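Working notes, structure below.
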Protein chains: 4
Amino acid sequence: MSGSTFNTFFKITTWGESHGKALGVVIDGCPAGLSLNEEDIQIYLNRRKPGQSKISTPRKEDDAVEILSGTFEGRTTGTPISLIVRNTSQRSHDYSEIASCYRPGHADYTFDQKYGFRDYRGGGRSSGRETIGRVAAGAVAAKLLKELGIEILTYAKAIGPVAVNMNAFNREAILSTPTCMPDYEASRKAEEYLAQCMQDMDSAGGVIECRIHGVPAGLGDPVFEKLDANLAKSILSIGAVKAFEIGDGCMASTANGSSNNDAFMSEHGRITKKTNHAGGILGGISDGSEIVLRAYVKPTPSIFSEQETVNTEGENIRIQIKGRHDPVIVPRAVVVVEAMAALTLADAMIGNMSSRVSYLKDFYSRGQ
Amino acid sequence: MSGSTFNTFFKITTWGESHGKALGVVIDGCPAGLSLNEEDIQIYLNRRKPGQSKISTPRKEDDAVEILSGTFEGRTTGTPISLIVRNTSQRSHDYSEIASCYRPGHADYTFDQKYGFRDYRGGGRSSGRETIGRVAAGAVAAKLLKELGIEILTYAKAIGPVAVNMNAFNREAILSTPTCMPDYEASRKAEEYLAQCMQDMDSAGGVIECRIHGVPAGLGDPVFEKLDANLAKSILSIGAVKAFEIGDGCMASTANGSSNNDAFMSEHGRITKKTNHAGGILGGISDGSEIVLRAYVKPTPSIFSEQETVNTEGENIRIQIKGRHDPVIVPRAVVVVEAMAALTLADAMIGNMSSRVSYLKDFYSRGQ
Amino acid sequence: MSGSTFNTFFKITTWGESHGKALGVVIDGCPAGLSLNEEDIQIYLNRRKPGQSKISTPRKEDDAVEILSGTFEGRTTGTPISLIVRNTSQRSHDYSEIASCYRPGHADYTFDQKYGFRDYRGGGRSSGRETIGRVAAGAVAAKLLKELGIEILTYAKAIGPVAVNMNAFNREAILSTPTCMPDYEASRKAEEYLAQCMQDMDSAGGVIECRIHGVPAGLGDPVFEKLDANLAKSILSIGAVKAFEIGDGCMASTANGSSNNDAFMSEHGRITKKTNHAGGILGGISDGSEIVLRAYVKPTPSIFSEQETVNTEGENIRIQIKGRHDPVIVPRAVVVVEAMAALTLADAMIGNMSSRVSYLKDFYSRGQ
Amino acid sequence: MSGSTFNTFFKITTWGESHGKALGVVIDGCPAGLSLNEEDIQIYLNRRKPGQSKISTPRKEDDAVEILSGTFEGRTTGTPISLIVRNTSQRSHDYSEIASCYRPGHADYTFDQKYGFRDYRGGGRSSGRETIGRVAAGAVAAKLLKELGIEILTYAKAIGPVAVNMNAFNREAILSTPTCMPDYEASRKAEEYLAQCMQDMDSAGGVIECRIHGVPAGLGDPVFEKLDANLAKSILSIGAVKAFEIGDGCMASTANGSSNNDAFMSEHGRITKKTNHAGGILGGISDGSEIVLRAYVKPTPSIFSEQETVNTEGENIRIQIKGRHDPVIVPRAVVVVEAMAALTLADAMIGNMSSRVSYLKDFYSRGQ
């Protein structure tokens with residue numbers, strides 16, 4: 001089967017392994033005429049690069065993107081956009097341990113079960129580096145969305161037990177803290193917590209929140225292609241994500257209808273909602289309010305502590321995973337969540353254009 | 001766009017409105033030779049019917065299914081299976097209120113924004129009756145899965161503030177309580193809570209848990225078609241679901257790697273895991289453990305209390321929604337969650353058959 | 001696998017067997033607001049009904065269509081349109097012969113090889129009655145296209161050795177001759193030829209031509225989703241079609257570039273072509289000229305002459321097929337070709353709306 | 001929309017323009033464990049390279065393929081296989097003519113109509129170089145098919161008026177003549193004809209035949225995903241192909257049922273057909289006989305003769321196309337037809353594995 005293609009209209013196909021020659025993505029279905037250069041994409045890729053702080057791996061990753069096709073004189077042509085990032089740090093590590101055992105919390109065992117063998121170097125296709133293609137494509141989707149008035153804001157909402165104080169929300173902190181938290185105080189505490197985790201040879205998880213502004217009402221479809229259903233899939237397709245919420249999410253299950261319903265109101269001929277418990281989607285279709293979603297991320301499975309497991313011979317063993325591990329995945333996953341949200345929205349924007357016969361008549365009567 | 005088709009191999013297309021002539025589903029891709037009759041499907045449909053208890057609507061729904069195609073002499077032929085349920089209670093209600101206003105928490109507004117108008121009778125396509133097609137198709141998927149050794153157990157885990165005591169888990173209670181809770185004591189308390197909600201002209205939400213037993217390792221694909229991503233989409237595509245969890249879900253975000261990782265162990269040549277925080281899926285691929293997922297359901301948006309809203313003329317108004325409303329959606333949604341899980345699993349079972357060249361060689365060398 | 005779904009946007013799923021309870025189709029993705037009633041569809045279905053002439057089967061088929069969902073107050077709602085045609089003449093024939101042998105030129109053998117068994121009554125899913133769903137859906141597509149200025153004309157171009165004289169082209173003859181030929185003289189000769197075939201206990205084939213007028217330039221995509229590639233698939237998916245041509249088709253292979261190239265010309269600011277050897281498509285994209293395609297149809301495989309074959313026990317036998325057979329498929333297949341062309345065009349019309357960023361900006365800036 | 005992805009299971013996505021940095025393809029869904037190296041693919045790419053003969057362009061194309069992902073230790077891993085061919089001869093030509101006018105028979109005009117502008121260098125995405133991705137992917141599909149006992153033979157059957165004498169069929173001639181004809185005598189005559197065409201500043205078309213041996217019965221689906229329908233689409237998606245035939249093709253339309261039907265026969269417990277007018281497919285499903293198809297190719301649209309056309313300003317002009325043009329496309333398109341057939345077959349082989357419940361039970365009961 002083929003599981004590396006995403007979306008229906010703004011379709012992307014990612015490829016590449018952690019320690020192969022390169023990773024990349026082909027975007028097929030980006031409308032023609034979008035101004036696009038490598039810098040537009042590099043900005044996004046840089047956000048997923050490991051920082052210089054104590055909480056991220058010292059591995060140097062250059063991750064310079066190259067546009068191989070699909071643009072001409074600085075604009076997209078409507079044909080496939082091929083993006084490539086060469087793997088530069090292909091040092092010949094000793095992977096004999098990963099090769100011969102099943103690391104807890106990793107996909108080693110399930111890959112072997114599915115495919116009969118695996119590229120064990122650095123996790124192969126199940127490595128976090130797989131997200132390079134997502135982020136590169138997401139950058140293009142985000143640029144398209146920006147042209148259409150949509151902006152996406154994504155940040156770490158919690159790391160381990162440390163949650164952001166939303167009253168102290170500071171947008172600048174997102175890009176300037178190593179945690180990607182929008183709250184300097186919380187970020188400092190989270191860094192302390194992570195330092196403790198590392199000392200304990202352990203790791204932490206966290207929560208990523210994504211808010212999408214400027215979404216017109218009408219996106220998404222009523223049944224299986226609900227906008228929130230597609231967002232859920234896009235977010236859960238990111239490794240290490242274990243839960244997804246839209247709007248009030250889990251909390252809605254303990255609320256009452258009277259408090260959970262968002263009252264509609266009309267002001268100056270514009271219909272809005274007094275509250276947004278729904279998170280911007282009703283019946284699977286965007287309602288014009290801000291879309292709010294959250295991804296819950298598990299702790300990094302690679303830890304320095306000794307763990308019990310099984311080797312490929314089926315023997316019970318104990319292992320201690322060597323190498324570089326981030327104590328938390330969240331900060332680097334923030335831009336991945338943003339990319340997946342952008343890709344999903346770009347698809348919904350295109351898909352919505354044919355919902356009424358009058359739209360088609362309008363379109364074709366204008367000689368396009 | 002077309003949003004009423006689900007799955008890639010075991011593909012279903014549902015159709016029908018709450019107060020149209022009928023509702024139904026076409027299953028395209030069910031393998032040939034499955035024993036199937038209407039009773040197999042009716043059993044599932046009956047589980048989503050409103051019960052006789054105080055907590056569900058007194059509306060009488062017969063919902064008798066008819067198989068129109070795709071079987072011959074009691075077995076599926078491999079061609080499309082068309083299932084239909086006639087709407088029998090098409091009483092000519094007074095829908096002028098729904099027609100002219102946007103009910104909070106409902107899809108009235110978003111449908112109008114998307115399509116320009118809507119079938120307002122009983123919610124039209126956004127009605128809970130839309131799930132008839134899902135459940136009918138899910139019954140067929142479940143029957144196929146049973147042939148392959150997979151069984152699915154689904155129940156209400158919480159209603160409003162009342163949660164099941166998992167130590168008192170009682171499988172029989174699921175089908176015999178009006179709440180579908182696996183715990184008689186919790187069910188009784190939940191019923192009391194719901195009675196209070198109704199008295200308060202309010203409604204409640206809850207949590208549905210689904211456990212899938214007998215899943216072989218290897219299902220799902222590593223990147224966008226992760227098994228948990230597809231489950232997330234399938235569950236979020238159900239109206240009123242606001243959050244999805246796999247395994248420990250949200251809780252994983254505050255755990256540490258040392259406690260969240262599941263140690264592999266080998267016993268008698270069989271590899272299993274000591275714990276199952278992952279919920280049966282690693283790297284998007286099933287690991288052979290039980291798959292455990294949860295859906296968080298919002299409170300019924302239709303409540304008797306007066307609410308603020310806007311009418312189709314864009315005027316601020318107050319409404320009181322008349323008619324029959326369940327104070328909680330959860331008990332009737334249990335079988336819908338089970339159906340969507342079954343459909344997703346059936347697709348993954350088929351999709352996994354071609355993961356290795358050796359499987360193809362095997363298959364074709366045997367003259368099939 | 002699932003092979004009964006067609007198109008990407010204006011998606012249809014057909015179902016039903018020759019002698020099952022009913023046949024039908026679900027259209028998912030028809031834009032909202034299209035005026036539609038059963039009469040619109042019945043007109044098309046009537047065109048595929050056997051006539052009263054000597055060249056078609058005396059079988060009485062009522063084929064009355066019922067719209068089960070997707071319209072409200074005479075207009076499409078944007079949700080799935082479910083159409084059903086009940087099988088009324090389910091006489092309990094003696095099918096023991098078809099059940100136990102493989103008719104030459106039919107799908108009996110291949111169905112058994114694929115599925116292990118088959119619904120042998122009247123051909124089951126491989127019967128010509130399978131096209132009911134196509135024609136019903138095609139009627140809706142054609143109505144949508146008409147709103148957008150596109151009209152499709154389809155007719156028999158040849159039956160056996162008798163070809164239409166295009167200089168004597170008479171549009172009225174198409175619907176008034178039993179052959180669907182646009183030439184009364186040719187039709188009369190074809191009828192004579194068919195009468196001779198019947199006397200010889202034999203059958204004939206023919207050619208169907210389809211011309212699509214009013215297609216805007218820009219439909220189709222440059223590589224795999226070329227408009228002519230999709231038309232080819234749609235036409236070859238009709239049973240008994242053995243070849244497909246676009247424009248000059250096979251003849252182009254013996255032409256020279258200087259004569260085959262169509263010169264562009266500009267008149268009053270409008271660009272057209274002096275000739276149309278290309279058949280309205282260049283590089284897979286419509287060029288604004290008339291689209292011209294042809295389907296080559298094999299002779300009816302059911303003939304009264306004795307034939308050699310094999311039974312399901314693998315024994316060599318001789319059979320004489322009883323029952324009703326048309327001596328030619330072409331006249332009844334004309335409307336099927338038209339339906340498949342309409343469906344393919346409807347999809348291309350929708351798919352083309354997002355080819356430029358400026359189209360999206362336009363669409364969303366107008367508040368839709 | 002996105003038109004550069006092909007197939008459902010063995011899914012490919014091609015990208016790249018004639019004069020961009022590179023061209024390539026991502027194969028997603030190739031089963032794991034297939035032995036594969038660059039040489040396997042290069043052999044196919046070399047077959048589409050222009051030869052040294054008088055009938056092909058002197059342009060030097062190196063077209064060396066690089067595997068960027070999806071293999072490990074010489075075998076496919078089941079994850080996406082990314083193949084790239086760098087464009088080496090990016091000489092800065094003078095493209096001002098192509099940029100400002102619409103060449104007859106080319107896609108210049110339709111691209112501008114669809115996308116608003118185009119990469120005019122060497123035809124951009126509508127160049128024959130687009131087929132590099134198809135051929136590279138086709139080489140992998142062919143290797144998989146070979147493992148499963150399927151072999152494909154493709155050759156030029158006619159060039160202009162010169163047809164191959166099938167009684168003189170010589171397999172070796174295919175790879176050793178500049179025409180790819182399986183008949184040295186016909187090839188010599190075709191070369192003479194082409195020499196004359198070049199002298200006349202004109203071009204020629206031709207016919208390509210493809211025969212697929214070893215196909216098991218049961219591939220393809222009964223309705224829209226008929227194997228011949230998918231082959232038709234795959235072949236028509238190749239630029240310059242104007243007609244497609246399966247088996248007797250167009251000829252079937254003038255045959256009688258008694259001669260066109262293929263009698264089944266049983267020999268030593270094996271069912272075959274006495275003749276193969278059907279071309280190996282009945283009711284859309286392979287019948288175990290050789291699959292025979294033909295593609296009719298138009299003459300090269302680029303000719304040296306002066307032609308009338310229109311420029312991008314909408315003015316009537318006359319042009320003489322400079323540069324390198326092959327007088328015929330057929331010889332280089334032979335391997336493209338073979339590649340597309342291989343890709344379509346690979347998909348059908350995978351899709352057929354789940355047609356019966358017993359296949360799934362078998363597969364999963366064996367612990368896979």
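Starting from 1 in every chain, residues are counted up; chains themselves are A, B, ... following the order of the structure tokens, and ligands are numbered from 1 as listed.
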Give me, as a CSV table (one decimal) with N, CA, C and O atoms, in the first residue's frame, all polymer residues having an atom no more than 9 Å from Phe244 of chain C, counting only C-alpha atoms and skipping those fewer than 2 positions away in the same chain.
chain,number,residue,atom,x,y,z
C,231,LEU,N,-11.3,10.4,-20.5
C,231,LEU,CA,-12.4,10.0,-21.4
C,231,LEU,C,-12.2,8.5,-21.9
C,231,LEU,O,-13.2,7.7,-22.0
C,232,ALA,N,-11.0,8.2,-22.2
C,232,ALA,CA,-10.7,6.8,-22.7
C,232,ALA,C,-11.1,5.8,-21.6
C,232,ALA,O,-11.7,4.8,-21.9
C,233,LYS,N,-10.7,6.1,-20.4
C,233,LYS,CA,-11.1,5.2,-19.3
C,233,LYS,C,-12.6,5.1,-19.2
C,233,LYS,O,-13.2,4.0,-19.0
C,235,ILE,N,-14.9,5.5,-21.3
C,235,ILE,CA,-15.5,4.8,-22.5
C,235,ILE,C,-15.2,3.3,-22.5
C,235,ILE,O,-16.0,2.4,-22.7
C,236,LEU,N,-13.9,3.0,-22.2
C,236,LEU,CA,-13.5,1.6,-22.1
C,236,LEU,C,-14.1,0.9,-21.0
C,236,LEU,O,-14.1,-0.4,-20.9
C,241,VAL,N,-16.9,-2.4,-25.3
C,241,VAL,CA,-16.1,-1.4,-26.0
C,241,VAL,C,-14.7,-1.9,-26.1
C,241,VAL,O,-14.1,-2.3,-25.2
C,242,LYS,N,-14.1,-2.0,-27.4
C,242,LYS,CA,-12.8,-2.5,-27.6
C,242,LYS,C,-11.8,-1.5,-28.1
C,242,LYS,O,-10.6,-1.9,-28.2
C,246,ILE,N,-9.7,9.6,-30.0
C,246,ILE,CA,-10.0,11.0,-29.8
C,246,ILE,C,-9.6,11.7,-31.1
C,246,ILE,O,-8.5,11.4,-31.7
C,249,GLY,N,-7.9,10.0,-34.2
C,249,GLY,CA,-7.7,8.7,-33.7
C,249,GLY,C,-6.6,7.9,-34.4
C,249,GLY,O,-5.5,8.4,-34.7
C,293,LEU,N,-15.0,12.1,-30.0
C,293,LEU,CA,-14.4,10.8,-29.6
C,293,LEU,C,-15.3,9.7,-30.2
C,293,LEU,O,-16.5,9.9,-30.5
C,294,ARG,N,-14.7,8.5,-30.3
C,294,ARG,CA,-15.4,7.4,-30.8
C,294,ARG,C,-15.2,6.1,-30.0
C,294,ARG,O,-14.1,5.9,-29.5
C,295,ALA,N,-16.2,5.3,-29.8
C,295,ALA,CA,-16.1,4.0,-29.2
C,295,ALA,C,-16.4,2.9,-30.2
C,295,ALA,O,-17.4,3.0,-30.9
C,296,TYR,N,-15.5,1.9,-30.2
C,296,TYR,CA,-15.8,0.8,-31.1
C,296,TYR,C,-16.3,-0.4,-30.3
C,296,TYR,O,-15.7,-0.8,-29.3
D,232,ALA,N,-6.4,1.6,-21.0
D,232,ALA,CA,-6.7,2.7,-21.9
D,232,ALA,C,-6.3,4.1,-21.4
D,232,ALA,O,-5.6,4.9,-22.0
D,242,LYS,N,-3.4,9.0,-29.8
D,242,LYS,CA,-4.7,9.4,-30.1
D,242,LYS,C,-5.8,8.3,-30.2
D,242,LYS,O,-7.0,8.5,-30.4
D,243,ALA,N,-5.3,7.0,-30.0
D,243,ALA,CA,-6.3,5.9,-30.0
D,243,ALA,C,-5.7,4.8,-29.3
D,243,ALA,O,-4.5,4.6,-29.2
D,244,PHE,N,-6.6,3.9,-28.7
D,244,PHE,CA,-6.2,2.8,-27.9
D,244,PHE,C,-7.1,1.6,-28.4
D,244,PHE,O,-8.3,1.7,-28.6
D,245,GLU,N,-6.5,0.4,-28.5
D,245,GLU,CA,-7.2,-0.8,-28.9
D,245,GLU,C,-6.8,-1.9,-27.9
D,245,GLU,O,-5.7,-2.0,-27.5
D,249,GLY,N,-9.7,-4.7,-31.2
D,249,GLY,CA,-10.0,-3.3,-31.2
D,249,GLY,C,-11.0,-2.9,-32.2
D,249,GLY,O,-12.1,-3.4,-32.2
D,250,CYS,N,-10.7,-1.9,-33.0
D,250,CYS,CA,-11.6,-1.3,-34.0
D,250,CYS,C,-12.2,-2.4,-34.9
D,250,CYS,O,-13.4,-2.3,-35.2
message: I need the contact residues of chain C against chain B, so if you could list those with any atom within 8 Å, counting only C-alpha atoms, and return them as a ChimeraX atom specification, that would help.
response: /C:1-5,8-11,13-17,20-23,26,28-33,68-70,72,77-82,115-119,125
Can I get the selection written as a compact mmCIF listing (two decimals), in the first residue's frame, with N, CA and C atoms?
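The resulting file, out-v8.txt, is reproduced below:
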# COMPACT_ATOMS: atom_id res chain seq x y z
N MET C 1 -11.12 -5.30 -3.72
CA MET C 1 -11.01 -3.91 -4.19
C MET C 1 -12.39 -3.37 -4.54
N SER C 2 -12.43 -2.11 -4.85
CA SER C 2 -13.71 -1.46 -5.06
C SER C 2 -13.69 -0.77 -6.40
N GLY C 3 -14.42 -1.30 -7.34
CA GLY C 3 -14.33 -0.76 -8.69
C GLY C 3 -15.59 -0.11 -9.18
N SER C 4 -16.53 0.18 -8.31
CA SER C 4 -17.81 0.72 -8.74
C SER C 4 -17.96 2.20 -8.46
N THR C 5 -16.85 2.86 -8.15
CA THR C 5 -16.86 4.30 -7.93
C THR C 5 -16.09 4.97 -9.05
N THR C 8 -13.58 11.94 -9.37
CA THR C 8 -12.94 12.46 -8.16
C THR C 8 -13.84 13.45 -7.42
N PHE C 9 -14.50 14.32 -8.16
CA PHE C 9 -15.30 15.38 -7.54
C PHE C 9 -16.79 15.08 -7.67
N PHE C 10 -17.22 14.92 -8.88
CA PHE C 10 -18.61 14.53 -9.15
C PHE C 10 -18.59 13.00 -9.13
N LYS C 11 -18.50 12.47 -7.92
CA LYS C 11 -18.20 11.05 -7.72
C LYS C 11 -19.48 10.20 -7.75
N THR C 13 -21.17 6.15 -7.46
CA THR C 13 -21.00 4.76 -7.09
C THR C 13 -22.23 4.01 -7.54
N THR C 14 -22.05 3.07 -8.46
CA THR C 14 -23.21 2.31 -8.94
C THR C 14 -23.26 0.95 -8.26
N TRP C 15 -24.43 0.36 -8.25
CA TRP C 15 -24.63 -0.94 -7.62
C TRP C 15 -25.79 -1.65 -8.30
N GLY C 16 -25.85 -2.95 -8.12
CA GLY C 16 -27.01 -3.70 -8.60
C GLY C 16 -26.69 -4.74 -9.63
N GLU C 17 -27.45 -5.81 -9.60
CA GLU C 17 -27.28 -6.91 -10.53
C GLU C 17 -28.52 -7.01 -11.42
N GLY C 20 -31.26 -8.78 -9.44
CA GLY C 20 -31.41 -8.50 -8.02
C GLY C 20 -32.68 -7.69 -7.80
N LYS C 21 -32.83 -7.16 -6.60
CA LYS C 21 -34.04 -6.41 -6.29
C LYS C 21 -34.10 -5.07 -7.02
N ALA C 22 -32.93 -4.45 -7.19
CA ALA C 22 -32.91 -3.11 -7.77
C ALA C 22 -31.52 -2.80 -8.24
N LEU C 23 -31.39 -1.72 -9.01
CA LEU C 23 -30.08 -1.18 -9.37
C LEU C 23 -30.11 0.31 -9.06
N VAL C 26 -25.29 6.28 -6.40
CA VAL C 26 -25.20 7.40 -5.48
C VAL C 26 -24.24 8.41 -6.10
N ASP C 28 -22.14 11.63 -5.36
CA ASP C 28 -21.64 12.40 -4.22
C ASP C 28 -20.73 13.50 -4.77
N GLY C 29 -21.11 14.72 -4.55
CA GLY C 29 -20.28 15.81 -5.05
C GLY C 29 -20.98 16.67 -6.10
N CYS C 30 -22.26 16.43 -6.31
CA CYS C 30 -23.01 17.33 -7.20
C CYS C 30 -23.20 18.65 -6.47
N PRO C 31 -22.83 19.76 -7.08
CA PRO C 31 -22.99 21.05 -6.42
C PRO C 31 -24.45 21.31 -6.03
N ALA C 32 -24.63 22.10 -5.00
CA ALA C 32 -25.97 22.44 -4.52
C ALA C 32 -26.64 23.45 -5.44
N GLY C 33 -27.97 23.33 -5.51
CA GLY C 33 -28.74 24.35 -6.23
C GLY C 33 -29.11 24.00 -7.65
N LEU C 68 -34.04 9.17 -4.01
CA LEU C 68 -34.24 8.84 -2.60
C LEU C 68 -33.64 9.87 -1.66
N SER C 69 -32.70 10.66 -2.15
CA SER C 69 -32.05 11.64 -1.26
C SER C 69 -31.35 12.70 -2.09
N GLY C 70 -30.92 13.76 -1.43
CA GLY C 70 -30.06 14.74 -2.06
C GLY C 70 -30.74 15.89 -2.76
N PHE C 72 -34.07 18.81 -2.36
CA PHE C 72 -35.04 19.40 -1.44
C PHE C 72 -35.73 20.52 -2.20
N THR C 77 -29.09 19.48 -2.95
CA THR C 77 -28.67 20.12 -1.70
C THR C 77 -27.16 20.09 -1.50
N GLY C 78 -26.44 19.42 -2.38
CA GLY C 78 -24.99 19.28 -2.20
C GLY C 78 -24.63 17.98 -1.49
N THR C 79 -25.63 17.29 -0.96
CA THR C 79 -25.40 16.01 -0.29
C THR C 79 -25.71 14.88 -1.28
N PRO C 80 -25.35 13.63 -0.92
CA PRO C 80 -25.46 12.55 -1.92
C PRO C 80 -26.86 12.37 -2.49
N ILE C 81 -26.89 12.22 -3.80
CA ILE C 81 -28.14 11.96 -4.51
C ILE C 81 -28.22 10.46 -4.76
N SER C 82 -29.19 9.82 -4.13
CA SER C 82 -29.34 8.38 -4.29
C SER C 82 -30.49 8.11 -5.25
N TYR C 115 -13.78 -14.22 -8.16
CA TYR C 115 -14.56 -14.22 -6.91
C TYR C 115 -14.88 -15.61 -6.36
N GLY C 116 -14.62 -16.66 -7.16
CA GLY C 116 -14.91 -18.00 -6.67
C GLY C 116 -16.32 -18.48 -7.00
N PHE C 117 -17.22 -17.54 -7.21
CA PHE C 117 -18.57 -17.88 -7.65
C PHE C 117 -19.20 -16.60 -8.20
N ARG C 118 -20.43 -16.70 -8.71
CA ARG C 118 -21.06 -15.51 -9.28
C ARG C 118 -22.58 -15.62 -9.23
N ASP C 119 -23.20 -14.46 -9.27
CA ASP C 119 -24.65 -14.38 -9.44
C ASP C 119 -24.89 -14.55 -10.94
N ARG C 125 -23.79 -8.82 -12.21
CA ARG C 125 -23.22 -7.47 -12.25
C ARG C 125 -22.60 -7.15 -13.62
Selection: 8 Å around Pro331 of chain C, only C-alpha atoms, excl. self and same-chain fewer than 6 positions, as a list in words: Tyr155, Ala156, Pro178, Thr179 and Cys180 of chain C
Who sits within 8 Å of segment 194-205 of chain D, only C-alpha atoms, same chain under 4 positions skipped, as number ranges by chain: C: 252-258; D: 54-55, 159-160, 190, 296-305, 326-330
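Residues in contact range of Glu151 of chain B, defined as at most 8 Å between only C-alpha atoms, with sequence neighbours fewer than 2 positions away removed, read Ala142, Leu145, Lys146, Gly149, Leu153, Ile212, His213 and Gly214 of chain B.
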task: Using backbone DSSP assignments, extract all alpha helix (DSSP H) residues from segment 132-330 of chain A; output them as an MDAnalysis selection string.
output: chainID A and resid 132:147 171:176 184:199 227:236 257:260 330
- request: Find the residues around Tyr184 of chain B up to 12 Å (only C-alpha atoms counted), leave out those fewer than 5 positions away in its own chain, and share them as a PyMOL selection string.
  value: chain B and resi 156+162-166+168-179+189-191
Would you mind exporting C-alpha atoms of the selected residues as a JSON list (two decimals), in the first residue's frame?
[["chain", "number", "residue", "atom", "x", "y", "z"],
["B", 156, "ALA", "CA", -19.75, 4.35, 27.47],
["B", 162, "VAL", "CA", -20.09, 9.89, 36.17],
["B", 163, "ALA", "CA", -17.25, 7.58, 35.14],
["B", 164, "VAL", "CA", -17.25, 3.81, 35.00],
["B", 165, "ASN", "CA", -15.27, 1.96, 37.64],
["B", 166, "MET", "CA", -13.09, -0.23, 35.45],
["B", 168, "ALA", "CA", -16.27, -3.31, 38.30],
["B", 169, "PHE", "CA", -16.20, -3.91, 34.55],
["B", 170, "ASN", "CA", -19.15, -6.04, 33.52],
["B", 171, "ARG", "CA", -19.45, -6.81, 29.85],
["B", 172, "GLU", "CA", -23.10, -7.79, 30.06],
["B", 173, "ALA", "CA", -24.07, -4.41, 31.38],
["B", 174, "ILE", "CA", -23.11, -2.77, 28.09],
["B", 175, "LEU", "CA", -26.06, -4.18, 26.20],
["B", 176, "SER", "CA", -28.46, -4.25, 29.13],
["B", 177, "THR", "CA", -28.14, -0.77, 30.60],
["B", 178, "PRO", "CA", -29.72, 2.26, 28.91],
["B", 179, "THR", "CA", -26.36, 4.03, 29.18],
["B", 189, "LYS", "CA", -25.79, 7.15, 38.78],
["B", 190, "ALA", "CA", -25.55, 8.37, 35.20],
["B", 191, "GLU", "CA", -29.28, 7.87, 34.74]]
task: Figure out the distance between atom CA of Val292 of chain D and atom CA of Gly280 of chain D, please, to one decimal in Å.
output: 6.8 Å
- prompt: If we count only C-alpha atoms, what is near Asp108 of chain A at a cut-off of 9 Å, once residues fewer than 2 positions away on the same chain are taken out, given as JSON, numbers by chain?
  reply: {"A": [98, 99, 101, 102, 103, 104, 105, 106, 110, 111, 112, 113, 118, 120, 123, 126], "B": [282, 283]}
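For segment 142-171 of chain C, backbone-based DSSP assignment of strand (DSSP E or B) covers Glu151, Ile152, Leu153, Thr154, Tyr155, Ala156, Lys157, Ala158, Ile159, Val162 and Ala163 of chain C.
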